[in-house]
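Asks: Let me begin by handing over the structure; questions about it come next.
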Protein chains: 2
Amino acid sequence: MDKTGITPTRKENYAEWYQQVIRAADLAENAPVRGCMIIKPNGYQLWETLQHKLDQAFKATGHVNAYFPLFIPVRFLQKEAEHVAGFAKECAVVTHSRLQANEQGVLEPASPLEEPLIVRPTSETIIGEAFSRWVQSYRDLPLLINQWANVVRWEMRTRLFLRTSEFLWQEGHTAHATAEEARQETLRMLEIYRRIIEEDLAIPALVGEKTASERFPGALSTYTLEGMMQDRKALQLGTSHFLGQNFAKAMNIQFVDVDGKAQYAWTTSWGVTTRLIGSLVMVHSDDDGLVLPPKVANVQAVIMPIIHDEAQREQIEAYCDQVQRQLQDRGKGLRISLDKRAMRGGEKRWQWIKRGACCLIEIGMKEMESQSVTLSWRDTLQRETLPLTQWVATFADGLKAMQQRLFERAKSNREQSTQRISSVADFYQFFQNDGGFALAYWSEDPETEEKIKSELKVTVRCLPQAFASERGACLFTNKPDCPLAVFAKAY
Amino acid sequence: MDKTGITPTRKENYAEWYQQVIRAADLAENAPVRGCMIIKPNGYQLWETLQHKLDQAFKATGHVNAYFPLFIPVRFLQKEAEHVAGFAKECAVVTHSRLQANEQGVLEPASPLEEPLIVRPTSETIIGEAFSRWVQSYRDLPLLINQWANVVRWEMRTRLFLRTSEFLWQEGHTAHATAEEARQETLRMLEIYRRIIEEDLAIPALVGEKTASERFPGALSTYTLEGMMQDRKALQLGTSHFLGQNFAKAMNIQFVDVDGKAQYAWTTSWGVTTRLIGSLVMVHSDDDGLVLPPKVANVQAVIMPIIHDEAQREQIEAYCDQVQRQLQDRGKGLRISLDKRAMRGGEKRWQWIKRGACCLIEIGMKEMESQSVTLSWRDTLQRETLPLTQWVATFADGLKAMQQRLFERAKSNREQSTQRISSVADFYQFFQNDGGFALAYWSEDPETEEKIKSELKVTVRCLPQAFASERGACLFTNKPDCPLAVFAKAY
């Protein structure tokens with residue numbers, strides 16, 4: 001049959017397909033509060049898995065967690081000029097500390113604050129203020145802090161996980177005695193992100209440096225990891241910023257160095273958000289619904305008893321229990337579900353396909369009697385029947401193989417839609433056709449940047465690390481000795 | 001010597017002692033934002049440990065985590081009359097979505113919102129709205145959700161951990177088909193809290209039901225766990241609320257029951273906060289600083305090399321490495337630190353005493369040569385020297401014993417300051433002297449409640465479960481057949 005699990009298909013309407021995959025997998029929904037989302041249990045479980053992997057990696061590299069206030073006094077924000085310009089336009093402002101009923105009984109804001117507070121859009125300033133007190137001597141450095149928190153940026157056009165007014169993230173903030181150490185930290189965290197994004201999320205990451213216009217407000221260098229979605233648009237997956245001494249000067253983070261001289265510290269910040277869940281959906285899912293890499297999937301295998309005759313329920317379910325037990329005994333961390341709900345087998349199977357269970361195991365009389373299982377992997381959906389013992393022995397390998405297949409498929413998708421461009425005409429044609437990642441030498445000329453943005457909705461994603469040694473004449477200005485840049489439409 | 005690690009002592013000034021213990025242990029500090037705190041890495045690690053224990057217990061009883069918006073539209077809050085009365089007086093109100101520089105260059109709120117939003121003080125209404133959409137049939141019940149989040153209540157008098165404008169917590173929210181099931185859930189979660197508070201935090205919990213005046217705004221029953229601090233005041237450690245159908249009616253959480261009839265659901269909510277960290281400080285610490293129960297302590301043992309002669313540093317440190325390795329091999333989860341910092345031995349020991357390391361291990365030439373360790377447990381601080389092998393073999397038992405000692409000491413403190421009261425004169429005398437927990441029969445008479453509050457600053461903490469079967473004549477009104485209540489001064 002032609003019918004797909006999700007309507008519309010990716011080809012018919014990619015944006016709507018994305019919403020429908022999330023809905024069918026029950027990951028999240030729009031909240032009744034403008035621009036906010038509710039992360040439902042299935043979506044939140046993915047976030048917990050990501051949190052755990054990230055948190056372990058941060059701690060293994062000497063970082064510790066702390067928690068700073070949700071509210072930032074406006075005067076703090078104002079201390080770093082670029083920073084305030086970047087965030088003042090879209091922030092939630094708290095102005096009152098009480099509600100009071102008016103004559104009609106309607107609650108209205110009361111008790112105005114002396115100074116308005118903003119809900120943190122990011123915490124460089126409030127954490128910088130603390131660092132200015134915590135850092136006195138070179139012995140206090142490096143200071144390696146991470147925070148798990150919610151942040152608010154008042155976005156006008158929102159989309160579940162990808163862009164919401166409130167989102168969850170982690171933000172690392174570190175202070176160092178030298179520029180060199182701070183640069184190393186920036187790149188160390190970038191590499192941790194790359195490893196987790198590629199090895200756990202199975203998303204190939206294009207790693208590079210942002211050009212001036214796309215830099216974090218107040219940073220000297222912003223490094224980024226860009227993924228390619230199935231509609232060939234880029235999604236920024238994480239960033240790591242070398243802040244130089246900008247925030248140290250703005251917030252007065254000074255230390256006495258080994259020679260007794262006062263110095264400003266060098267700081268970094270780096271973060272990833274719940275947007276990563278959106279990228280998982282966009283990179284791996286298909287027209288039947290969610291597909292998840294086994295390392296992060298909520299359900300790595302679901303066992304479904306297929307009951308045609310109620311008299312057989314007990315023995316089939318007993319066999320299913322045994323399958324679950326044997327599988328679970330192979331590894332404590334395995335995420336196995338046994339779904340005994342009274343529901344038509346076909347309907348149940350479709351539900352788990354849409355939810356992205358990695359391996360669907362159907363067990364009826366035939367399987368029970370032959371001590372076997374019928375299974376299909378989510379990415380191929382091809383059924384095969386295997387002896388139980390063989391299946392149990394090879395399940396972990398099956399998960400690894402699926403993880404690898406998803407990564408290879410995403411990589412091959414990206415490669416097919418990545419092109420070296422050597423003429424402006426080709427550049428326009430590339431993006432007027434299917435588009436993707438365009439590689440071209442570029443002089444960071446602001447005029448062409450503005451032009452391609454307005455004409456093609458294309459922006460520079462980064463100067464990729466992998467091509468850092470290549471130089472050539474700028475595609476647009478012909479200026480010699482320019483680095484290679486990656487251009488794309490982006491979320 | 002008489003000098004204590006903390007100045008002032010508990011006896012001299014308990015409130016100031018509490019602040020100083022937190023400062024010396026580097027747990028938290030006041031933020032430059034009114035009423036907010038910065039939870040420093042040492043404090044946040046305690047929260048992570050508590051989170052882990054609570055989260056495991058919630059999941060083991062079928063709960064799943066989700067995340068709901070930070071902002072609540074005022075019209076939601078208004079739907080439950082008692083609820084709004086309870087929270088409107090102290091909340092952060094967001095009224096604008098942008099900052100704009102005025103003529104003097106000062107940033108001012110701009111782009112007013114059509115409807116003001118409040119920062120969640122608790123999430124019954126916003127989660128109730130979601131439940132009204134998620135619950136359709138009895139098959140959707142029970143719905144067992146937990147959220148880890150920050151909340152804001154605009155407190156006027158704040159104190160680190162105990163009462164801050166922003167704090168971290170978990171809030172469980174569940175919906176059930178019957179009142180009986182919801183009541184059972186309320187008590188199940190209360191019991192989980194009791195177990196963790198008593199077994200992990202080593203704090204004896206007085207478990208009981210709140211009387212009307214102390215109930216959660218909108219609840220039918222509020223159950224509480226009350227701890228006694230060392231100044232004999234009560235601290236509410238956690239609450240679990242049976243909400244009846246109040247919020248289901250306010251937010252329209254309806255389901256079709258087995259017979260096809262529309263019914264309102266029965267809901268519960270329950271929560272504990274970062275206040276638990278304050279209770280750990282207040283119950284166990286002494287005049288030398290933080291004392292922590294081993295099950296939650298950040299550092300269960302700290303190994304300190306004592307170097308009198310730099311020529312011996314290498315061999316002493318090598319022996320310390322060996323001690324750490326052997327200890328760590330006994331249990332993967334053990335939290336052992338080896339402190340090789342160049343710092344005077346006495347100063348270093350004091351620092352770890354103030355930070356609440358459970359076991360302080362000092363190793364110099366003598367210990368190295370005799371393959372022994374010199375150690376002291378934090379709660380007794382008595383030094384003893386043991387052969388290394390014996391020490392390693394008994395370390396886990398030592399932690400257990402210390403855990404037990406702290407619980408027993410806290411329990412004995414509570415018992416010494418708990419008294420049955422049978423006359424009003426005795427009641428007044430009890431609180432005019434040292435005070436503590438006063439047990440007396442009580443008719444829930446609002447007049448005496450007001451009177452003892454204004455005259456003695458004493459409130460009813462709860463009707464304790466342990467005495468639920470006892471009835472007697474009210475201490476104040478002489479009304480017969482009244483339950484036993486616990487009265488105390490409270491934080």
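We label chains A, B, ... in the order they appear in the structure tokens, count residues from 1 in each chain, and number ligands from 1 in the order shown.
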Could you tell me which residues of chain B sit within 6 Å of chain A when counting only C-alpha atoms, and give me the result as a PyMOL selection string?

Replies: chain B and resi 38-41+44+65-68+88-94+96-99

Asks: Restricting it to N, CA and C atoms, dump the selection as a PDB file, in the first residue's frame.

Replies:
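Output contents, as saved in selection_3.pdb:
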ATOM      1  N   ILE B  38      22.572  32.479  44.314  1.00  0.00           N
ATOM      2  CA  ILE B  38      23.422  31.728  43.404  1.00  0.00           C
ATOM      3  C   ILE B  38      23.770  30.435  44.128  1.00  0.00           C
ATOM      4  N   ILE B  39      23.419  29.304  43.523  1.00  0.00           N
ATOM      5  CA  ILE B  39      23.783  28.023  44.125  1.00  0.00           C
ATOM      6  C   ILE B  39      25.150  27.659  43.569  1.00  0.00           C
ATOM      7  N   LYS B  40      26.147  27.675  44.427  1.00  0.00           N
ATOM      8  CA  LYS B  40      27.518  27.425  43.990  1.00  0.00           C
ATOM      9  C   LYS B  40      27.748  25.920  43.786  1.00  0.00           C
ATOM     10  N   PRO B  41      28.838  25.561  43.110  1.00  0.00           N
ATOM     11  CA  PRO B  41      29.037  24.139  42.776  1.00  0.00           C
ATOM     12  C   PRO B  41      28.870  23.177  43.956  1.00  0.00           C
ATOM     13  N   TYR B  44      25.193  22.960  44.585  1.00  0.00           N
ATOM     14  CA  TYR B  44      24.455  22.343  43.474  1.00  0.00           C
ATOM     15  C   TYR B  44      24.704  20.835  43.409  1.00  0.00           C
ATOM     16  N   ASN B  65       8.749  12.334  33.551  1.00  0.00           N
ATOM     17  CA  ASN B  65       9.028  13.764  33.582  1.00  0.00           C
ATOM     18  C   ASN B  65       8.543  14.459  32.323  1.00  0.00           C
ATOM     19  N   ALA B  66       8.162  15.702  32.459  1.00  0.00           N
ATOM     20  CA  ALA B  66       7.765  16.530  31.318  1.00  0.00           C
ATOM     21  C   ALA B  66       8.138  17.955  31.673  1.00  0.00           C
ATOM     22  N   TYR B  67       7.934  18.884  30.721  1.00  0.00           N
ATOM     23  CA  TYR B  67       8.268  20.275  30.997  1.00  0.00           C
ATOM     24  C   TYR B  67       7.197  21.211  30.451  1.00  0.00           C
ATOM     25  N   PHE B  68       6.737  22.114  31.316  1.00  0.00           N
ATOM     26  CA  PHE B  68       5.658  23.043  30.991  1.00  0.00           C
ATOM     27  C   PHE B  68       6.191  24.475  31.055  1.00  0.00           C
ATOM     28  N   ALA B  88      -1.316  35.559  44.084  1.00  0.00           N
ATOM     29  CA  ALA B  88      -1.275  36.852  43.379  1.00  0.00           C
ATOM     30  C   ALA B  88      -0.459  37.893  44.134  1.00  0.00           C
ATOM     31  N   LYS B  89      -0.394  37.735  45.455  1.00  0.00           N
ATOM     32  CA  LYS B  89       0.253  38.752  46.289  1.00  0.00           C
ATOM     33  C   LYS B  89       1.768  38.825  46.098  1.00  0.00           C
ATOM     34  N   GLU B  90       2.347  37.779  45.587  1.00  0.00           N
ATOM     35  CA  GLU B  90       3.808  37.730  45.513  1.00  0.00           C
ATOM     36  C   GLU B  90       4.237  36.978  44.260  1.00  0.00           C
ATOM     37  N   CYS B  91       4.195  37.677  43.120  1.00  0.00           N
ATOM     38  CA  CYS B  91       4.614  37.002  41.900  1.00  0.00           C
ATOM     39  C   CYS B  91       5.294  37.980  40.959  1.00  0.00           C
ATOM     40  N   ALA B  92       6.189  37.452  40.126  1.00  0.00           N
ATOM     41  CA  ALA B  92       6.886  38.288  39.150  1.00  0.00           C
ATOM     42  C   ALA B  92       6.000  38.410  37.918  1.00  0.00           C
ATOM     43  N   VAL B  93       5.704  39.649  37.525  1.00  0.00           N
ATOM     44  CA  VAL B  93       4.779  39.875  36.408  1.00  0.00           C
ATOM     45  C   VAL B  93       5.554  40.376  35.193  1.00  0.00           C
ATOM     46  N   VAL B  94       5.422  39.650  34.083  1.00  0.00           N
ATOM     47  CA  VAL B  94       6.061  40.049  32.822  1.00  0.00           C
ATOM     48  C   VAL B  94       5.050  40.871  32.045  1.00  0.00           C
ATOM     49  N   HIS B  96       6.245  43.278  29.325  1.00  0.00           N
ATOM     50  CA  HIS B  96       6.793  43.779  28.065  1.00  0.00           C
ATOM     51  C   HIS B  96       7.693  42.731  27.422  1.00  0.00           C
ATOM     52  N   SER B  97       7.900  42.882  26.104  1.00  0.00           N
ATOM     53  CA  SER B  97       8.702  41.876  25.400  1.00  0.00           C
ATOM     54  C   SER B  97       9.945  42.466  24.737  1.00  0.00           C
ATOM     55  N   ARG B  98      10.334  43.662  25.186  1.00  0.00           N
ATOM     56  CA  ARG B  98      11.473  44.299  24.541  1.00  0.00           C
ATOM     57  C   ARG B  98      11.993  45.408  25.447  1.00  0.00           C
ATOM     58  N   LEU B  99      13.269  45.747  25.272  1.00  0.00           N
ATOM     59  CA  LEU B  99      13.840  46.924  25.937  1.00  0.00           C
ATOM     60  C   LEU B  99      14.227  47.920  24.854  1.00  0.00           C
TER      61      LEU B  99
END

Asks: Would you list, as a JSON list (two decimals) with N, CA and C atoms, in the first residue's frame, the residues of range 242-474 of chain B that end up in strand (DSSP E or B) under DSSP run on this structure's backbone?

Replies:
[["chain", "number", "residue", "atom", "x", "y", "z"],
["B", 242, "PHE", "N", -3.78, 16.55, 48.19],
["B", 242, "PHE", "CA", -4.95, 15.95, 47.55],
["B", 242, "PHE", "C", -5.84, 17.12, 47.13],
["B", 243, "LEU", "N", -5.96, 17.32, 45.82],
["B", 243, "LEU", "CA", -6.65, 18.52, 45.32],
["B", 243, "LEU", "C", -8.13, 18.28, 45.05],
["B", 244, "GLY", "N", -8.58, 17.05, 45.30],
["B", 244, "GLY", "CA", -9.99, 16.75, 45.03],
["B", 244, "GLY", "C", -10.30, 17.01, 43.56],
["B", 254, "GLN", "N", -11.85, 16.59, 32.31],
["B", 254, "GLN", "CA", -12.97, 15.64, 32.32],
["B", 254, "GLN", "C", -12.60, 14.38, 31.54],
["B", 255, "PHE", "N", -13.19, 13.27, 31.97],
["B", 255, "PHE", "CA", -12.98, 12.03, 31.22],
["B", 255, "PHE", "C", -14.29, 11.25, 31.16],
["B", 256, "VAL", "N", -14.37, 10.39, 30.15],
["B", 256, "VAL", "CA", -15.53, 9.51, 30.01],
["B", 256, "VAL", "C", -15.22, 8.23, 30.77],
["B", 262, "ALA", "N", -19.51, 11.31, 31.59],
["B", 262, "ALA", "CA", -18.46, 12.33, 31.78],
["B", 262, "ALA", "C", -18.26, 12.57, 33.28],
["B", 263, "GLN", "N", -16.98, 12.60, 33.70],
["B", 263, "GLN", "CA", -16.63, 12.80, 35.10],
["B", 263, "GLN", "C", -15.45, 13.78, 35.20],
["B", 264, "TYR", "N", -15.38, 14.51, 36.29],
["B", 264, "TYR", "CA", -14.18, 15.28, 36.54],
["B", 264, "TYR", "C", -13.12, 14.36, 37.17],
["B", 266, "TRP", "N", -9.74, 13.45, 39.51],
["B", 266, "TRP", "CA", -9.25, 13.79, 40.86],
["B", 266, "TRP", "C", -7.75, 14.00, 40.75],
["B", 267, "THR", "N", -7.27, 15.10, 41.25],
["B", 267, "THR", "CA", -5.84, 15.39, 41.03],
["B", 267, "THR", "C", -5.05, 15.54, 42.33],
["B", 268, "THR", "N", -3.75, 15.41, 42.18],
["B", 268, "THR", "CA", -2.83, 15.59, 43.31],
["B", 268, "THR", "C", -1.65, 16.46, 42.84],
["B", 269, "SER", "N", -0.96, 17.05, 43.77],
["B", 269, "SER", "CA", 0.35, 17.63, 43.46],
["B", 269, "SER", "C", 1.23, 17.50, 44.69],
["B", 270, "TRP", "N", 2.54, 17.47, 44.48],
["B", 270, "TRP", "CA", 3.48, 17.24, 45.58],
["B", 270, "TRP", "C", 4.85, 17.77, 45.17],
["B", 271, "GLY", "N", 5.57, 18.29, 46.15],
["B", 271, "GLY", "CA", 6.85, 18.89, 45.80],
["B", 271, "GLY", "C", 7.82, 18.99, 46.96],
["B", 272, "VAL", "N", 9.09, 18.97, 46.60],
["B", 272, "VAL", "CA", 10.16, 19.34, 47.53],
["B", 272, "VAL", "C", 11.10, 20.28, 46.78],
["B", 273, "THR", "N", 11.86, 21.06, 47.54],
["B", 273, "THR", "CA", 12.65, 22.14, 46.93],
["B", 273, "THR", "C", 14.10, 22.12, 47.40],
["B", 286, "ASP", "N", 27.55, 21.73, 62.92],
["B", 286, "ASP", "CA", 27.93, 22.10, 64.28],
["B", 286, "ASP", "C", 28.74, 23.39, 64.27],
["B", 289, "GLY", "N", 31.22, 23.89, 61.47],
["B", 289, "GLY", "CA", 30.82, 23.99, 60.07],
["B", 289, "GLY", "C", 29.88, 22.88, 59.64],
["B", 301, "ALA", "N", 35.13, 10.87, 51.81],
["B", 301, "ALA", "CA", 36.44, 10.81, 52.46],
["B", 301, "ALA", "C", 37.39, 11.71, 51.71],
["B", 302, "VAL", "N", 38.19, 12.44, 52.45],
["B", 302, "VAL", "CA", 39.24, 13.25, 51.82],
["B", 302, "VAL", "C", 40.59, 12.80, 52.36],
["B", 303, "ILE", "N", 41.50, 12.54, 51.45],
["B", 303, "ILE", "CA", 42.84, 12.08, 51.82],
["B", 303, "ILE", "C", 43.79, 13.27, 51.73],
["B", 304, "MET", "N", 44.43, 13.58, 52.86],
["B", 304, "MET", "CA", 45.31, 14.75, 52.88],
["B", 304, "MET", "C", 46.74, 14.33, 53.19],
["B", 305, "PRO", "N", 47.65, 14.45, 52.23],
["B", 305, "PRO", "CA", 49.06, 14.18, 52.51],
["B", 305, "PRO", "C", 49.61, 15.28, 53.44],
["B", 336, "ILE", "N", 35.43, 10.00, 46.85],
["B", 336, "ILE", "CA", 36.70, 10.15, 47.55],
["B", 336, "ILE", "C", 37.51, 11.27, 46.91],
["B", 337, "SER", "N", 38.03, 12.18, 47.70],
["B", 337, "SER", "CA", 38.91, 13.22, 47.17],
["B", 337, "SER", "C", 40.32, 13.04, 47.71],
["B", 338, "LEU", "N", 41.28, 13.38, 46.88],
["B", 338, "LEU", "CA", 42.67, 13.40, 47.31],
["B", 338, "LEU", "C", 43.13, 14.83, 47.12],
["B", 359, "CYS", "N", 34.81, 11.91, 56.27],
["B", 359, "CYS", "CA", 35.95, 11.27, 56.92],
["B", 359, "CYS", "C", 37.22, 11.98, 56.48],
["B", 360, "LEU", "N", 37.99, 12.43, 57.45],
["B", 360, "LEU", "CA", 39.22, 13.17, 57.15],
["B", 360, "LEU", "C", 40.40, 12.25, 57.37],
["B", 361, "ILE", "N", 41.19, 12.03, 56.34],
["B", 361, "ILE", "CA", 42.29, 11.08, 56.43],
["B", 361, "ILE", "C", 43.61, 11.84, 56.27],
["B", 362, "GLU", "N", 44.45, 11.78, 57.30],
["B", 362, "GLU", "CA", 45.74, 12.47, 57.26],
["B", 362, "GLU", "C", 46.86, 11.45, 57.14],
["B", 363, "ILE", "N", 47.74, 11.69, 56.19],
["B", 363, "ILE", "CA", 48.80, 10.72, 55.93],
["B", 363, "ILE", "C", 50.15, 11.41, 55.85],
["B", 372, "SER", "N", 49.54, 2.57, 57.41],
["B", 372, "SER", "CA", 48.32, 2.84, 58.18],
["B", 372, "SER", "C", 47.71, 4.17, 57.72],
["B", 373, "VAL", "N", 46.61, 4.55, 58.31],
["B", 373, "VAL", "CA", 46.02, 5.87, 58.07],
["B", 373, "VAL", "C", 45.59, 6.45, 59.41],
["B", 374, "THR", "N", 45.66, 7.79, 59.50],
["B", 374, "THR", "CA", 45.10, 8.48, 60.66],
["B", 374, "THR", "C", 43.83, 9.16, 60.19],
["B", 375, "LEU", "N", 42.77, 8.90, 60.88],
["B", 375, "LEU", "CA", 41.49, 9.39, 60.38],
["B", 375, "LEU", "C", 40.62, 9.93, 61.49],
["B", 376, "SER", "N", 39.68, 10.80, 61.10],
["B", 376, "SER", "CA", 38.65, 11.21, 62.05],
["B", 376, "SER", "C", 37.34, 11.38, 61.29],
["B", 377, "TRP", "N", 36.26, 10.98, 61.93],
["B", 377, "TRP", "CA", 34.94, 11.17, 61.34],
["B", 377, "TRP", "C", 34.47, 12.57, 61.66],
["B", 384, "GLU", "N", 42.00, 8.66, 65.06],
["B", 384, "GLU", "CA", 42.49, 7.33, 65.40],
["B", 384, "GLU", "C", 43.37, 6.84, 64.26],
["B", 385, "THR", "N", 44.27, 5.94, 64.56],
["B", 385, "THR", "CA", 45.14, 5.40, 63.52],
["B", 385, "THR", "C", 44.84, 3.92, 63.34],
["B", 386, "LEU", "N", 44.63, 3.51, 62.08],
["B", 386, "LEU", "CA", 44.27, 2.13, 61.78],
["B", 386, "LEU", "C", 45.18, 1.59, 60.69],
["B", 387, "PRO", "N", 45.44, 0.27, 60.70],
["B", 387, "PRO", "CA", 46.16, -0.33, 59.58],
["B", 387, "PRO", "C", 45.35, -0.13, 58.29],
["B", 418, "THR", "N", 10.43, 17.86, 72.43],
["B", 418, "THR", "CA", 9.02, 17.61, 72.12],
["B", 418, "THR", "C", 8.31, 17.33, 73.43],
["B", 419, "GLN", "N", 7.17, 17.98, 73.63],
["B", 419, "GLN", "CA", 6.51, 17.83, 74.92],
["B", 419, "GLN", "C", 5.00, 17.78, 74.76],
["B", 420, "ARG", "N", 4.38, 16.87, 75.51],
["B", 420, "ARG", "CA", 2.93, 16.84, 75.62],
["B", 420, "ARG", "C", 2.50, 17.99, 76.53],
["B", 437, "PHE", "N", 8.61, 21.21, 69.79],
["B", 437, "PHE", "CA", 7.31, 20.72, 69.31],
["B", 437, "PHE", "C", 6.40, 20.50, 70.52],
["B", 438, "ALA", "N", 5.26, 21.19, 70.53],
["B", 438, "ALA", "CA", 4.28, 21.00, 71.60],
["B", 438, "ALA", "C", 3.12, 20.18, 71.06],
["B", 439, "LEU", "N", 2.81, 19.08, 71.73],
["B", 439, "LEU", "CA", 1.68, 18.24, 71.34],
["B", 439, "LEU", "C", 0.49, 18.55, 72.23],
["B", 440, "ALA", "N", -0.62, 18.89, 71.59],
["B", 440, "ALA", "CA", -1.83, 19.18, 72.38],
["B", 440, "ALA", "C", -3.06, 18.91, 71.55],
["B", 441, "TYR", "N", -4.14, 18.53, 72.24],
["B", 441, "TYR", "CA", -5.42, 18.35, 71.54],
["B", 441, "TYR", "C", -5.91, 19.73, 71.11],
["B", 459, "THR", "N", 2.77, 28.42, 65.37],
["B", 459, "THR", "CA", 1.70, 27.97, 64.47],
["B", 459, "THR", "C", 1.50, 26.47, 64.60],
["B", 460, "VAL", "N", 0.35, 26.00, 64.10],
["B", 460, "VAL", "CA", 0.10, 24.57, 64.07],
["B", 460, "VAL", "C", 0.88, 23.99, 62.91],
["B", 461, "ARG", "N", 1.72, 23.02, 63.17],
["B", 461, "ARG", "CA", 2.49, 22.43, 62.07],
["B", 461, "ARG", "C", 1.70, 21.35, 61.36],
["B", 462, "CYS", "N", 1.06, 20.47, 62.11],
["B", 462, "CYS", "CA", 0.24, 19.43, 61.49],
["B", 462, "CYS", "C", -0.49, 18.62, 62.55],
["B", 463, "LEU", "N", -1.39, 17.76, 62.07],
["B", 463, "LEU", "CA", -2.00, 16.74, 62.90],
["B", 463, "LEU", "C", -1.23, 15.46, 62.60],
["B", 464, "PRO", "N", -0.35, 15.05, 63.50],
["B", 464, "PRO", "CA", 0.59, 13.97, 63.13],
["B", 464, "PRO", "C", -0.10, 12.63, 62.93],
["B", 471, "ARG", "N", -7.68, 11.01, 70.65],
["B", 471, "ARG", "CA", -8.59, 12.16, 70.70],
["B", 471, "ARG", "C", -8.67, 12.65, 72.14],
["B", 472, "GLY", "N", -8.93, 13.94, 72.31],
["B", 472, "GLY", "CA", -9.05, 14.49, 73.66],
["B", 472, "GLY", "C", -9.69, 15.86, 73.63]]

Asks: Where does DSSP see alpha helix (DSSP H) in range 116-189 of chain A, if you list the residues as a PyMOL selection string?

Replies: chain A and resi 124-134+179-189

Asks: Those same residues, written as a CSV table (one decimal), in the first residue's frame with N, CA and C atoms?

Replies:
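Saved as result36.csv:
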chain,number,residue,atom,x,y,z
A,124,GLU,N,25.8,35.3,30.4
A,124,GLU,CA,27.1,35.9,30.4
A,124,GLU,C,27.2,37.0,31.5
A,125,THR,N,26.3,37.9,31.5
A,125,THR,CA,26.4,39.0,32.4
A,125,THR,C,26.2,38.7,33.9
A,126,ILE,N,25.2,37.9,34.2
A,126,ILE,CA,24.9,37.6,35.6
A,126,ILE,C,26.0,36.6,36.1
A,127,ILE,N,26.5,35.7,35.3
A,127,ILE,CA,27.6,34.8,35.7
A,127,ILE,C,28.9,35.6,35.8
A,128,GLY,N,29.1,36.5,34.8
A,128,GLY,CA,30.3,37.3,34.8
A,128,GLY,C,30.4,38.1,36.1
A,129,GLU,N,29.3,38.6,36.6
A,129,GLU,CA,29.3,39.4,37.8
A,129,GLU,C,29.7,38.5,39.0
A,130,ALA,N,29.3,37.3,39.0
A,130,ALA,CA,29.7,36.3,40.1
A,130,ALA,C,31.2,36.0,39.9
A,131,PHE,N,31.6,35.8,38.7
A,131,PHE,CA,33.0,35.5,38.5
A,131,PHE,C,33.9,36.6,39.0
A,132,SER,N,33.4,37.9,38.8
A,132,SER,CA,34.2,39.0,39.2
A,132,SER,C,34.5,39.0,40.7
A,133,ARG,N,33.6,38.3,41.5
A,133,ARG,CA,33.8,38.2,42.9
A,133,ARG,C,34.6,36.9,43.2
A,134,TRP,N,34.4,35.9,42.4
A,134,TRP,CA,35.0,34.6,42.7
A,134,TRP,C,36.5,34.5,42.3
A,179,ALA,N,44.7,33.9,27.0
A,179,ALA,CA,43.9,33.8,25.8
A,179,ALA,C,44.1,32.4,25.2
A,180,GLU,N,45.3,31.8,25.2
A,180,GLU,CA,45.5,30.5,24.7
A,180,GLU,C,44.7,29.4,25.4
A,181,GLU,N,44.7,29.5,26.7
A,181,GLU,CA,43.9,28.5,27.4
A,181,GLU,C,42.4,28.6,27.1
A,182,ALA,N,41.9,29.8,27.0
A,182,ALA,CA,40.5,30.1,26.8
A,182,ALA,C,40.1,29.6,25.4
A,183,ARG,N,41.0,29.8,24.4
A,183,ARG,CA,40.8,29.3,23.0
A,183,ARG,C,40.8,27.8,23.0
A,184,GLN,N,41.7,27.2,23.8
A,184,GLN,CA,41.7,25.7,23.9
A,184,GLN,C,40.4,25.2,24.4
A,185,GLU,N,39.9,25.8,25.5
A,185,GLU,CA,38.6,25.4,26.1
A,185,GLU,C,37.5,25.5,25.1
A,186,THR,N,37.4,26.6,24.4
A,186,THR,CA,36.4,26.8,23.4
A,186,THR,C,36.4,25.6,22.4
A,187,LEU,N,37.6,25.2,21.9
A,187,LEU,CA,37.7,24.2,21.0
A,187,LEU,C,37.5,22.8,21.6
A,188,ARG,N,37.8,22.6,22.9
A,188,ARG,CA,37.6,21.4,23.6
A,188,ARG,C,36.1,21.1,23.7
A,189,MET,N,35.3,22.1,24.0
A,189,MET,CA,33.9,21.9,24.2
A,189,MET,C,33.2,21.7,22.8

Asks: Could you give me, as number ranges by chain, the residues within 10 Å of range 481-490 of chain B, counting only C-alpha atoms and dropping anything in the same chain fewer than 2 positions from it?

Replies: B: 206, 208-211, 226-229, 231-236, 418-420, 427, 431, 435-444, 449, 452-453, 456-475, 478-479

Asks: Using Å and a single decimal, report how far CA of Ile203 in chain A sits from CA of Gly172 in chain A.

Replies: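 These atoms are spaced 22.2 Å apart.
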
Asks: Just to confirm, what's the straight-line distance from CA of Ser221 in chain B to CA of Arg414 in chain B in Å (one decimal)?

Replies: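 Going from CA of Ser221 in chain B over to CA of Arg414 in chain B covers 25.7 Å.
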